[in-house]
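Student: Got a structure for you, written out below as structure tokens; questions coming shortly.
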Amino acid sequence: MVDDTIVAPAPAPAPRHRRRTNVGDRVRFVLRGIGQTLITLGLIVLLFAVYEVWITNIFAHRAQAKVYNALQNEWKQGKDPLALPANKISTIPLGSGIAVLYIPRLGRDYHFAIVQGSAVPDDSQLEKGPAHYRDTQLPGQIGNFSVAGHRVGKGEPFLNIDKLRSGDPVIVETKSHWYVYRVLGSPAGSDPQDNTTDIPVKGRDAVPVPGREIVDPSDGDVLLPIPDHPEIPLQDTEVAIMTMTTCHPKFTASHRMIVHAQLDKSLTVNLGSGNEDFAMPASIQRLYNEAAA
Amino acid sequence: MYVWIWRHLPGPVAVKLAQVLVLVALVSLLLLFVVFPWIEPHLPINQVTVPGN
């Protein structure tokens, strides 16, 4: 019923209320200012996310293409950045391409030139592509060939590295060889997280190494010749390991995701007199069908 | 702040709108290509390495 609610007509603002209204205005002004500031900050954070996952990729892909093309040209000219007297790897220019990485599980068009990094690869190197920890071994060598790569933005080479399963091939092409590493852990096809493979060691029992592990950011032992086994010196190892490091969870600095693989086979590129065939060998191409199966 | 800017932009509403779009674009570009690249290395995000041995 309408009669139930009799509302008094709003009184016209009286002059004596003026001061109180001013206080109200001031409060409203301050609140509106805070509200607008918060909304603005929110928009800036959103824009930062756009920057991280989109803009950085544009620049990184451009830088990666440059390094990749430079490496291909070097190879075609018969120069191998890894062919150094007495393996003086410290003479490879930082940030230049040394090898090409293929991971069939991540798609047929997945390939990245791996660049030479510092002892701990820095931002300028990682922006170009996955970067080799300078003081670790080179592709195919006994020991640990370790590579760091971005997970979100900056070309995001290791975005889907958590999709790798035990036994998955990780292929590294150098001027002279095709190296096929396989993610550790058994049985093949299982989740490599803390699923181990026994790695043989000279003069003692084999030691288990996981295919994938999540570690503290300070855990440098994952880069050792036998990962996580500081007691085993390089001269006692007889297996070529490859280790990939990236951030975990995505976007953060709280942990690192580590994937370990073991050299399964290597093919020599037919090194001729400058007219080498750089096309992917058939036996390497077959690995892609394996991933599709 | 936004009200203040809107009040101080000259011209009719359509012209003001155009100016606002230009301003937003300018600020976005400044953030994306100058401020963020500069600030990013100092943020604890996207760290992918472990210390070498």
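Letters A, B, ... mark the chains of the structure tokens in the order given; residue numbers begin at 1 per chain; ligand numbers begin at 1, in order shown.
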Would you list which chain A residues are within 6 Å of chain B using only C-alpha atoms, as a list in words?
Tutor: Ala119, Val120, Ala148, Pro217, Ser218, Gly220, Thr246, Cys247, Phe251, Thr252 and Ala253 of chain A
Student: Restricting the calculation to only C-alpha atoms, which member of A:Ala279, A:Leu184, A:Ile226, A:Val209 is positioned closest to Leu263 of chain A?
Tutor: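 Closest to Leu263 of chain A of all the choices is A:Leu184.
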Student: Run DSSP on the backbone and grab whatever in segment 7-243 of chain A lands in helix (DSSP H, G or I); send it over as number ranges by chain.
Tutor: A: 15-76, 85-87, 89-91, 104-106, 123-126, 161-163, 220-223, 234-236
Student: Do you know which residues are at most 9 Å from Ala240 of chain A counting only C-alpha atoms, after dropping those on the same chain fewer than 3 positions away, and could you put them as a PDB file with C-alpha atoms, in the first residue's frame?
Tutor:
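After the write, selection_24.pdb holds the following:
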ATOM      1  CA  GLN A 137      79.990 -29.056 -21.001  1.00  0.00           C
ATOM      2  CA  PRO A 139      76.629 -30.586 -26.603  1.00  0.00           C
ATOM      3  CA  GLY A 140      77.486 -34.282 -26.728  1.00  0.00           C
ATOM      4  CA  GLN A 141      80.370 -34.104 -24.261  1.00  0.00           C
ATOM      5  CA  ILE A 142      80.644 -36.369 -21.237  1.00  0.00           C
ATOM      6  CA  GLY A 143      79.372 -34.309 -18.315  1.00  0.00           C
ATOM      7  CA  ASN A 144      76.452 -31.925 -18.236  1.00  0.00           C
ATOM      8  CA  PHE A 145      75.423 -29.619 -21.082  1.00  0.00           C
ATOM      9  CA  TYR A 181      69.110 -36.770 -25.647  1.00  0.00           C
ATOM     10  CA  PRO A 225      78.260 -33.700 -14.326  1.00  0.00           C
ATOM     11  CA  THR A 237      81.434 -39.827 -15.199  1.00  0.00           C
ATOM     12  CA  ALA A 261      68.119 -35.842 -20.236  1.00  0.00           C
ATOM     13  CA  GLN A 262      70.755 -38.364 -21.230  1.00  0.00           C
ATOM     14  CA  LEU A 263      72.531 -38.707 -24.575  1.00  0.00           C
ATOM     15  CA  ASP A 264      70.948 -41.592 -26.458  1.00  0.00           C
TER      16      ASP A 264
END
Student: Within 8 Å of Ile258 of chain A, counting only C-alpha atoms, which residues show up once you throw out same-chain ones fewer than 4 positions away? Write them as number ranges by chain, please.
Tutor: A: 212-215, 222, 243-246
Student: Go ahead and save the picked residues with N, CA and C atoms, as an mmCIF file, in the first residue's frame.
Tutor:
data_model
loop_
_atom_site.group_PDB
_atom_site.id
_atom_site.type_symbol
_atom_site.label_atom_id
_atom_site.label_comp_id
_atom_site.auth_asym_id
_atom_site.auth_seq_id
_atom_site.Cartn_x
_atom_site.Cartn_y
_atom_site.Cartn_z
ATOM 1 N N ARG A 212 62.726 -34.945 -14.044
ATOM 2 C CA ARG A 212 62.335 -33.557 -13.783
ATOM 3 C C ARG A 212 62.307 -33.348 -12.291
ATOM 4 N N GLU A 213 62.721 -32.158 -11.848
ATOM 5 C CA GLU A 213 62.652 -31.850 -10.430
ATOM 6 C C GLU A 213 62.419 -30.358 -10.251
ATOM 7 N N ILE A 214 61.783 -30.039 -9.138
ATOM 8 C CA ILE A 214 61.546 -28.639 -8.769
ATOM 9 C C ILE A 214 62.487 -28.351 -7.604
ATOM 10 N N VAL A 215 63.350 -27.361 -7.776
ATOM 11 C CA VAL A 215 64.363 -27.113 -6.751
ATOM 12 C C VAL A 215 64.355 -25.665 -6.300
ATOM 13 N N VAL A 222 72.208 -29.045 -9.597
ATOM 14 C CA VAL A 222 71.533 -29.667 -10.744
ATOM 15 C C VAL A 222 72.369 -29.560 -12.013
ATOM 16 N N THR A 243 70.913 -30.675 -19.176
ATOM 17 C CA THR A 243 70.018 -30.151 -18.147
ATOM 18 C C THR A 243 69.423 -28.831 -18.622
ATOM 19 N N MET A 244 68.107 -28.697 -18.453
ATOM 20 C CA MET A 244 67.440 -27.442 -18.804
ATOM 21 C C MET A 244 66.844 -26.838 -17.542
ATOM 22 N N THR A 245 67.065 -25.540 -17.337
ATOM 23 C CA THR A 245 66.513 -24.888 -16.154
ATOM 24 C C THR A 245 65.588 -23.741 -16.568
ATOM 25 N N THR A 246 64.495 -23.578 -15.834
ATOM 26 C CA THR A 246 63.590 -22.457 -16.067
ATOM 27 C C THR A 246 62.878 -22.134 -14.755
#
